[in-house]
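File shown here: work_10.cif, holding mmCIF, C-alpha atoms, pLDDT in the B column; chains and numbers go by the auth columns.
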```cif
data_run
loop_
_atom_site.group_PDB
_atom_site.id
_atom_site.type_symbol
_atom_site.label_atom_id
_atom_site.label_comp_id
_atom_site.label_asym_id
_atom_site.label_seq_id
_atom_site.Cartn_x
_atom_site.Cartn_y
_atom_site.Cartn_z
_atom_site.B_iso_or_equiv
_atom_site.auth_seq_id
_atom_site.auth_asym_id
ATOM 1 C CA MET A 1 125.907 130.389 93.708 95.00 1 B
ATOM 2 C CA LEU A 2 125.937 133.006 96.492 97.00 2 B
ATOM 3 C CA LYS A 3 129.748 133.090 96.402 98.00 3 B
ATOM 4 C CA LEU A 4 129.582 133.825 92.683 98.00 4 B
ATOM 5 C CA PHE A 5 127.065 136.645 93.273 98.00 5 B
ATOM 6 C CA ASP A 6 129.339 138.046 95.984 98.00 6 B
ATOM 7 C CA VAL A 7 132.292 138.189 93.574 98.00 7 B
ATOM 8 C CA VAL A 8 130.148 139.641 90.775 98.00 8 B
ATOM 9 C CA PHE A 9 128.844 142.374 93.090 98.00 9 B
ATOM 10 C CA LEU A 10 132.373 143.106 94.315 98.00 10 B
ATOM 11 C CA TRP A 11 133.653 143.668 90.777 98.00 11 B
ATOM 12 C CA LEU A 12 130.508 145.461 89.667 98.00 12 B
ATOM 13 C CA HIS A 13 130.923 147.873 92.567 98.00 13 B
ATOM 14 C CA ILE A 14 134.564 148.462 91.700 98.00 14 B
ATOM 15 C CA VAL A 15 133.781 149.062 88.024 98.00 15 B
ATOM 16 C CA VAL A 16 130.927 151.479 88.792 98.00 16 B
ATOM 17 C CA ILE A 17 133.035 153.430 91.294 98.00 17 B
ATOM 18 C CA LEU A 18 136.008 153.691 88.929 98.00 18 B
ATOM 19 C CA PHE A 19 133.717 154.650 86.046 98.00 19 B
ATOM 20 C CA ASN A 20 132.031 157.302 88.201 98.00 20 B
ATOM 21 C CA LEU A 21 135.443 158.723 89.050 98.00 21 B
ATOM 22 C CA PHE A 22 137.161 158.485 85.664 98.00 22 B
ATOM 23 C CA GLY A 23 134.571 157.890 82.925 98.00 23 B
ATOM 24 C CA TRP A 24 134.762 161.556 81.941 97.00 24 B
ATOM 25 C CA LEU A 25 138.369 161.149 80.746 97.00 25 B
ATOM 26 C CA TRP A 26 137.390 159.675 77.375 97.00 26 B
ATOM 27 C CA ILE A 27 135.190 161.628 74.974 96.00 27 B
ATOM 28 C CA ARG A 28 133.464 158.426 73.811 97.00 28 B
ATOM 29 C CA THR A 29 132.291 157.522 77.341 97.00 29 B
ATOM 30 C CA ARG A 30 131.175 160.966 78.546 97.00 30 B
ATOM 31 C CA LYS A 31 127.463 160.571 77.764 96.00 31 B
ATOM 32 C CA ILE A 32 127.183 157.149 79.419 98.00 32 B
ATOM 33 C CA HIS A 33 129.290 158.506 82.289 98.00 33 B
ATOM 34 C CA LEU A 34 126.723 161.264 82.776 97.00 34 B
ATOM 35 C CA ILE A 35 123.943 158.648 82.821 97.00 35 B
ATOM 36 C CA VAL A 36 125.765 156.492 85.397 98.00 36 B
ATOM 37 C CA LEU A 37 126.408 159.587 87.542 98.00 37 B
ATOM 38 C CA ALA A 38 122.721 160.473 87.336 98.00 38 B
ATOM 39 C CA GLY A 39 121.784 156.936 88.368 97.00 39 B
ATOM 40 C CA THR A 40 124.148 157.088 91.322 98.00 40 B
ATOM 41 C CA LEU A 41 122.799 160.491 92.340 97.00 41 B
ATOM 42 C CA PHE A 42 119.226 159.200 91.990 98.00 42 B
ATOM 43 C CA SER A 43 119.991 156.259 94.264 97.00 43 B
ATOM 44 C CA TRP A 44 121.801 158.375 96.855 96.00 44 B
ATOM 45 C CA LEU A 45 119.288 161.223 96.989 96.00 45 B
ATOM 46 C CA ILE A 46 115.885 160.166 95.643 97.00 46 B
ATOM 47 C CA LEU A 47 115.873 156.574 96.879 97.00 47 B
ATOM 48 C CA GLY A 48 117.755 157.972 99.867 95.00 48 B
ATOM 49 C CA LEU A 49 114.615 159.874 100.872 96.00 49 B
ATOM 50 C CA LYS A 50 113.031 156.515 101.657 96.00 50 B
ATOM 51 C CA TYR A 51 116.039 154.408 102.696 96.00 51 B
ATOM 52 C CA GLY A 52 118.465 156.991 104.059 95.00 52 B
ATOM 53 C CA LEU A 53 120.737 159.549 102.418 93.00 53 B
ATOM 54 C CA GLY A 54 123.486 157.861 100.430 94.00 54 B
ATOM 55 C CA TYR A 55 121.445 154.704 99.857 96.00 55 B
ATOM 56 C CA CYS A 56 122.900 152.493 97.127 97.00 56 B
ATOM 57 C CA PHE A 57 120.673 149.757 95.762 97.00 57 B
ATOM 58 C CA LEU A 58 123.767 147.889 94.554 97.00 58 B
ATOM 59 C CA THR A 59 125.215 147.842 98.067 98.00 59 B
ATOM 60 C CA ASP A 60 121.826 146.784 99.433 97.00 60 B
ATOM 61 C CA TRP A 61 121.697 143.807 97.064 98.00 61 B
ATOM 62 C CA HIS A 62 125.349 142.971 97.745 98.00 62 B
ATOM 63 C CA TRP A 63 124.832 143.077 101.514 98.00 63 B
ATOM 64 C CA ASP A 64 121.800 140.760 101.170 98.00 64 B
ATOM 65 C CA VAL A 65 124.118 138.213 99.529 98.00 65 B
ATOM 66 C CA LYS A 66 126.833 138.731 102.156 98.00 66 B
ATOM 67 C CA MET A 67 124.350 138.274 105.014 98.00 67 B
ATOM 68 C CA LYS A 68 123.119 135.028 103.461 98.00 68 B
ATOM 69 C CA LEU A 69 126.783 133.966 103.391 98.00 69 B
ATOM 70 C CA GLY A 70 126.980 134.689 107.127 97.00 70 B
ATOM 71 C CA GLU A 71 128.766 138.049 107.140 96.00 71 B
ATOM 72 C CA THR A 72 127.693 140.443 109.846 96.00 72 B
ATOM 73 C CA ASN A 73 128.523 143.979 110.972 95.00 73 B
ATOM 74 C CA LEU A 74 128.669 145.277 107.421 97.00 74 B
ATOM 75 C CA PRO A 75 129.190 149.044 107.139 97.00 75 B
ATOM 76 C CA ASN A 76 126.689 151.235 105.312 95.00 76 B
ATOM 77 C CA SER A 77 129.266 152.025 102.645 96.00 77 B
ATOM 78 C CA PHE A 78 130.800 149.607 100.155 98.00 78 B
ATOM 79 C CA ILE A 79 133.833 151.883 99.944 97.00 79 B
ATOM 80 C CA LYS A 80 134.355 151.632 103.717 97.00 80 B
ATOM 81 C CA TYR A 81 133.976 147.855 103.477 97.00 81 B
ATOM 82 C CA PHE A 82 136.435 147.630 100.589 97.00 82 B
ATOM 83 C CA LEU A 83 139.046 149.775 102.359 97.00 83 B
ATOM 84 C CA ASP A 84 138.693 147.728 105.559 96.00 84 B
ATOM 85 C CA GLN A 85 138.841 144.337 103.822 95.00 85 B
ATOM 86 C CA TYR A 86 141.323 144.857 101.015 95.00 86 B
ATOM 87 C CA THR A 87 143.687 147.652 102.048 95.00 87 B
ATOM 88 C CA PHE A 88 145.618 148.864 105.059 93.00 88 B
ATOM 89 C CA ILE A 89 143.716 152.150 104.990 93.00 89 B
ATOM 90 C CA ASN A 90 141.763 152.574 108.217 93.00 90 B
ATOM 91 C CA LEU A 91 139.440 155.567 107.991 97.00 91 B
ATOM 92 C CA SER A 92 136.295 156.276 109.951 97.00 92 B
ATOM 93 C CA ALA A 93 132.967 155.831 108.183 97.00 93 B
ATOM 94 C CA GLU A 94 132.437 159.593 108.401 97.00 94 B
ATOM 95 C CA THR A 95 135.777 160.307 106.695 98.00 95 B
ATOM 96 C CA VAL A 96 135.054 157.789 103.943 97.00 96 B
ATOM 97 C CA ASP A 97 131.615 159.342 103.398 97.00 97 B
ATOM 98 C CA LEU A 98 133.121 162.836 103.234 97.00 98 B
ATOM 99 C CA ILE A 99 135.826 161.825 100.748 98.00 99 B
ATOM 100 C CA THR A 100 133.210 159.984 98.682 97.00 100 B
ATOM 101 C CA ALA A 101 130.849 162.985 98.630 97.00 101 B
ATOM 102 C CA VAL A 102 133.577 165.521 97.787 98.00 102 B
ATOM 103 C CA SER A 103 134.949 163.268 95.027 98.00 103 B
ATOM 104 C CA PHE A 104 131.478 162.742 93.599 98.00 104 B
ATOM 105 C CA ILE A 105 130.677 166.463 93.608 98.00 105 B
ATOM 106 C CA LEU A 106 133.988 167.206 91.887 98.00 106 B
ATOM 107 C CA VAL A 107 133.267 164.590 89.225 98.00 107 B
ATOM 108 C CA ILE A 108 129.762 165.996 88.674 98.00 108 B
ATOM 109 C CA VAL A 109 131.234 169.472 88.132 98.00 109 B
ATOM 110 C CA ILE A 110 133.770 168.056 85.654 97.00 110 B
ATOM 111 C CA ALA A 111 131.076 166.067 83.824 97.00 111 B
ATOM 112 C CA ILE A 112 128.747 169.068 83.558 96.00 112 B
ATOM 113 C CA TYR A 113 131.585 171.231 82.280 97.00 113 B
ATOM 114 C CA LEU A 114 132.714 168.697 79.672 96.00 114 B
ATOM 115 C CA ASN A 115 129.213 167.739 78.502 95.00 115 B
ATOM 116 C CA PHE A 116 127.433 171.084 78.527 95.00 116 B
ATOM 117 C CA ILE A 117 129.995 173.896 78.516 94.00 117 B
ATOM 118 C CA ARG A 118 133.111 172.743 76.675 89.00 118 B
ATOM 119 C CA LYS A 119 131.343 170.146 74.479 74.00 119 B
ATOM 120 C CA ASP A 120 134.281 168.380 72.845 70.00 120 B
#
```
Now that the file is in, can you turn its structure into C-alpha cells?
Amino acid sequence: MLKLFDVVFLWLHIVVILFNLFGWLWIRTRKIHLIVLAGTLFSWLILGLKYGLGYCFLTDWHWDVKMKLGETNLPNSFIKYFLDQYTFINLSAETVDLITAVSFILVIVIAIYLNFIRKD
C-alpha cells in the first residue's frame, strides 16, 4: 500500500506543479488555478512560519511515505528530488529553490493580471 501512496504522491505533485505553472493558459481553469496558487502560497508562507519557509504539506506527507519505504537523505524540495531521480539535470538545492520561486512569482503576476485586470 505504501508503494501505491508513493506513486500517487509522485503524480499528484507533478500535476499540481504543472497546474501551478500552466493552469492560467485556459480561461475555464483560471479561477481554480488562482485557488491552487493561493493554497501553495499559504503552505509555503503561512505554514512556513511554523515549519520553515517553503514548507509544502504535500511533500511532507510524501516524504513520510518514502521514509517508511526506507528512503533516506531526501531533499527539502520535491522538485530537487524529481530532477535528481528522473532527469540528468544536476542543480544545487539553492538553484532549484531560486528557479521555483522566480517561476512561481511570474505565474502569480500572470494570474493576477488575467483574473483581475484583463478579465477575459
Do a neighbour search on B:Ile110 at 12 Å with only C-alpha atoms, toss out local chain neighbours closer than 2 positions, and write the hits as a compact mmCIF listing (two decimals) with C-alpha atoms, in the frame of the given file.
```txt
# COMPACT_ATOMS: atom_id res chain seq x y z
CA ASN B 20 132.03 157.30 88.20
CA LEU B 21 135.44 158.72 89.05
CA PHE B 22 137.16 158.49 85.66
CA GLY B 23 134.57 157.89 82.92
CA TRP B 24 134.76 161.56 81.94
CA LEU B 25 138.37 161.15 80.75
CA ARG B 30 131.18 160.97 78.55
CA HIS B 33 129.29 158.51 82.29
CA LEU B 34 126.72 161.26 82.78
CA LEU B 37 126.41 159.59 87.54
CA SER B 103 134.95 163.27 95.03
CA PHE B 104 131.48 162.74 93.60
CA ILE B 105 130.68 166.46 93.61
CA LEU B 106 133.99 167.21 91.89
CA VAL B 107 133.27 164.59 89.22
CA ILE B 108 129.76 166.00 88.67
CA ILE B 112 128.75 169.07 83.56
CA TYR B 113 131.58 171.23 82.28
CA LEU B 114 132.71 168.70 79.67
CA ASN B 115 129.21 167.74 78.50
CA PHE B 116 127.43 171.08 78.53
CA ILE B 117 130.00 173.90 78.52
CA ARG B 118 133.11 172.74 76.68
CA LYS B 119 131.34 170.15 74.48
```
Exercise. Rank B:Asp120, B:Ile99, B:Ile79, B:Trp61 by their smallest atom-to-atom distance to B:Phe5, using all atoms listed in the file, and report the top residue only.
Key: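 Looking only at the distances to B:Phe5, the closest residue turns out to be B:Trp61.
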Quiz item: Hey, can you check how far atom CA of B:Leu91 sits from atom CA of B:Asn73?
Solution: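 Atom CA of B:Asn73 lies at a distance of 16.2 Å from atom CA of B:Leu91.
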Self-check item: Shell around B:His13 at 10 Å using only C-alpha atoms, local window under 4 positions removed, as a list in words
Solution: Val7, Val8, Phe9, Ile17, Leu18, Phe19, Leu58, Thr59, His62, Phe78, Ile79 and Phe82 of chain B
Output C-alpha atoms for every residue in that selection, as a compact mmCIF listing (two decimals), in the frame of the given file.
```
# COMPACT_ATOMS: atom_id res chain seq x y z
CA VAL B 7 132.29 138.19 93.57
CA VAL B 8 130.15 139.64 90.78
CA PHE B 9 128.84 142.37 93.09
CA ILE B 17 133.04 153.43 91.29
CA LEU B 18 136.01 153.69 88.93
CA PHE B 19 133.72 154.65 86.05
CA LEU B 58 123.77 147.89 94.55
CA THR B 59 125.22 147.84 98.07
CA HIS B 62 125.35 142.97 97.74
CA PHE B 78 130.80 149.61 100.16
CA ILE B 79 133.83 151.88 99.94
CA PHE B 82 136.44 147.63 100.59
```
Quiz item: Which neighbours of B:Asp6 fall inside 12 Å, counting all atoms listed in the file, when residues of the same chain fewer than 4 positions from it are skipped, and could you give them as a PyMOL selection string?
Solution: chain B and resi 1-2+10-13+58-59+61-71
Practice problem: Please tell me which residues are no farther than 9 Å from (132.5, 153.3, 105.7) in the file, counting all atoms listed in the file, and write them as a ChimeraX atom specification. | Solution: /B:75-84,91-97
Could the residues in this selection be written to a file with C-alpha atoms, as a PDB file, keeping the file's coordinate frame?
```pdb
ATOM      1  CA  PRO B  75     129.190 149.044 107.139  1.00 97.00           C
ATOM      2  CA  ASN B  76     126.689 151.235 105.312  1.00 95.00           C
ATOM      3  CA  SER B  77     129.266 152.025 102.645  1.00 96.00           C
ATOM      4  CA  PHE B  78     130.800 149.607 100.155  1.00 98.00           C
ATOM      5  CA  ILE B  79     133.833 151.883  99.944  1.00 97.00           C
ATOM      6  CA  LYS B  80     134.355 151.632 103.717  1.00 97.00           C
ATOM      7  CA  TYR B  81     133.976 147.855 103.477  1.00 97.00           C
ATOM      8  CA  PHE B  82     136.435 147.630 100.589  1.00 97.00           C
ATOM      9  CA  LEU B  83     139.046 149.775 102.359  1.00 97.00           C
ATOM     10  CA  ASP B  84     138.693 147.728 105.559  1.00 96.00           C
ATOM     11  CA  LEU B  91     139.440 155.567 107.991  1.00 97.00           C
ATOM     12  CA  SER B  92     136.295 156.276 109.951  1.00 97.00           C
ATOM     13  CA  ALA B  93     132.967 155.831 108.183  1.00 97.00           C
ATOM     14  CA  GLU B  94     132.437 159.593 108.401  1.00 97.00           C
ATOM     15  CA  THR B  95     135.777 160.307 106.695  1.00 98.00           C
ATOM     16  CA  VAL B  96     135.054 157.789 103.943  1.00 97.00           C
ATOM     17  CA  ASP B  97     131.615 159.342 103.398  1.00 97.00           C
TER      18      ASP B  97
END
```
Quiz item: atom CA of B:Ile32 to atom CA of B:Leu4: how many Å, to one decimal?
Solution: 26.9 Å
Quiz prompt | d(atom CA of B:Gly54, atom CA of B:Lys3) in Å | solution = 25.9 Å
Since the input has fewer atoms than a full residue there, write stretch 32-54 of chain B out with N, CA and C atoms, as a PDB file, in the coordinates of the input.
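Heads up, here's the output in out.pdb:
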```pdb
ATOM      1  N   ILE B  32     127.555 158.255  78.528  1.00 98.00           N
ATOM      2  CA  ILE B  32     127.183 157.149  79.419  1.00 98.00           C
ATOM      3  C   ILE B  32     127.654 157.436  80.841  1.00 98.00           C
ATOM      4  N   HIS B  33     128.788 158.105  80.974  1.00 98.00           N
ATOM      5  CA  HIS B  33     129.290 158.506  82.289  1.00 98.00           C
ATOM      6  C   HIS B  33     128.274 159.405  82.982  1.00 98.00           C
ATOM      7  N   LEU B  34     127.733 160.356  82.230  1.00 97.00           N
ATOM      8  CA  LEU B  34     126.723 161.264  82.776  1.00 97.00           C
ATOM      9  C   LEU B  34     125.487 160.483  83.232  1.00 97.00           C
ATOM     10  N   ILE B  35     125.101 159.482  82.469  1.00 97.00           N
ATOM     11  CA  ILE B  35     123.943 158.648  82.821  1.00 97.00           C
ATOM     12  C   ILE B  35     124.221 157.845  84.097  1.00 97.00           C
ATOM     13  N   VAL B  36     125.412 157.266  84.198  1.00 98.00           N
ATOM     14  CA  VAL B  36     125.765 156.492  85.397  1.00 98.00           C
ATOM     15  C   VAL B  36     125.841 157.413  86.617  1.00 98.00           C
ATOM     16  N   LEU B  37     126.392 158.617  86.438  1.00 98.00           N
ATOM     17  CA  LEU B  37     126.408 159.587  87.542  1.00 98.00           C
ATOM     18  C   LEU B  37     124.991 159.930  87.978  1.00 98.00           C
ATOM     19  N   ALA B  38     124.115 160.151  87.013  1.00 98.00           N
ATOM     20  CA  ALA B  38     122.721 160.473  87.336  1.00 98.00           C
ATOM     21  C   ALA B  38     122.051 159.318  88.084  1.00 98.00           C
ATOM     22  N   GLY B  39     122.335 158.098  87.665  1.00 97.00           N
ATOM     23  CA  GLY B  39     121.784 156.936  88.368  1.00 97.00           C
ATOM     24  C   GLY B  39     122.285 156.838  89.793  1.00 97.00           C
ATOM     25  N   THR B  40     123.567 157.100  89.976  1.00 98.00           N
ATOM     26  CA  THR B  40     124.148 157.088  91.322  1.00 98.00           C
ATOM     27  C   THR B  40     123.517 158.173  92.175  1.00 98.00           C
ATOM     28  N   LEU B  41     123.397 159.369  91.615  1.00 97.00           N
ATOM     29  CA  LEU B  41     122.799 160.491  92.340  1.00 97.00           C
ATOM     30  C   LEU B  41     121.342 160.200  92.688  1.00 97.00           C
ATOM     31  N   PHE B  42     120.615 159.590  91.744  1.00 98.00           N
ATOM     32  CA  PHE B  42     119.226 159.200  91.990  1.00 98.00           C
ATOM     33  C   PHE B  42     119.141 158.232  93.169  1.00 98.00           C
ATOM     34  N   SER B  43     120.001 157.236  93.175  1.00 97.00           N
ATOM     35  CA  SER B  43     119.991 156.259  94.264  1.00 97.00           C
ATOM     36  C   SER B  43     120.313 156.933  95.593  1.00 97.00           C
ATOM     37  N   TRP B  44     121.362 157.740  95.607  1.00 96.00           N
ATOM     38  CA  TRP B  44     121.801 158.375  96.855  1.00 96.00           C
ATOM     39  C   TRP B  44     120.787 159.374  97.410  1.00 96.00           C
ATOM     40  N   LEU B  45     120.165 160.145  96.510  1.00 96.00           N
ATOM     41  CA  LEU B  45     119.288 161.223  96.989  1.00 96.00           C
ATOM     42  C   LEU B  45     117.804 160.882  96.925  1.00 96.00           C
ATOM     43  N   ILE B  46     117.320 160.427  95.793  1.00 97.00           N
ATOM     44  CA  ILE B  46     115.885 160.166  95.643  1.00 97.00           C
ATOM     45  C   ILE B  46     115.481 158.897  96.396  1.00 97.00           C
ATOM     46  N   LEU B  47     116.153 157.785  96.100  1.00 97.00           N
ATOM     47  CA  LEU B  47     115.873 156.574  96.879  1.00 97.00           C
ATOM     48  C   LEU B  47     116.291 156.783  98.336  1.00 97.00           C
ATOM     49  N   GLY B  48     117.293 157.636  98.523  1.00 95.00           N
ATOM     50  CA  GLY B  48     117.755 157.972  99.867  1.00 95.00           C
ATOM     51  C   GLY B  48     116.702 158.645 100.723  1.00 95.00           C
ATOM     52  N   LEU B  49     115.714 159.278 100.103  1.00 96.00           N
ATOM     53  CA  LEU B  49     114.615 159.874 100.872  1.00 96.00           C
ATOM     54  C   LEU B  49     113.843 158.794 101.633  1.00 96.00           C
ATOM     55  N   LYS B  50     113.750 157.618 101.023  1.00 96.00           N
ATOM     56  CA  LYS B  50     113.031 156.515 101.657  1.00 96.00           C
ATOM     57  C   LYS B  50     113.938 155.651 102.529  1.00 96.00           C
ATOM     58  N   TYR B  51     115.169 155.377 102.033  1.00 96.00           N
ATOM     59  CA  TYR B  51     116.039 154.408 102.696  1.00 96.00           C
ATOM     60  C   TYR B  51     117.200 155.024 103.471  1.00 96.00           C
ATOM     61  N   GLY B  52     117.367 156.316 103.371  1.00 95.00           N
ATOM     62  CA  GLY B  52     118.465 156.991 104.059  1.00 95.00           C
ATOM     63  C   GLY B  52     119.441 157.605 103.064  1.00 95.00           C
ATOM     64  N   LEU B  53     119.837 158.817 103.305  1.00 93.00           N
ATOM     65  CA  LEU B  53     120.737 159.549 102.418  1.00 93.00           C
ATOM     66  C   LEU B  53     121.979 158.717 102.113  1.00 93.00           C
ATOM     67  N   GLY B  54     122.329 158.645 100.843  1.00 94.00           N
ATOM     68  CA  GLY B  54     123.486 157.861 100.430  1.00 94.00           C
ATOM     69  C   GLY B  54     123.160 156.413 100.135  1.00 94.00           C
TER      70      GLY B  54
END
```
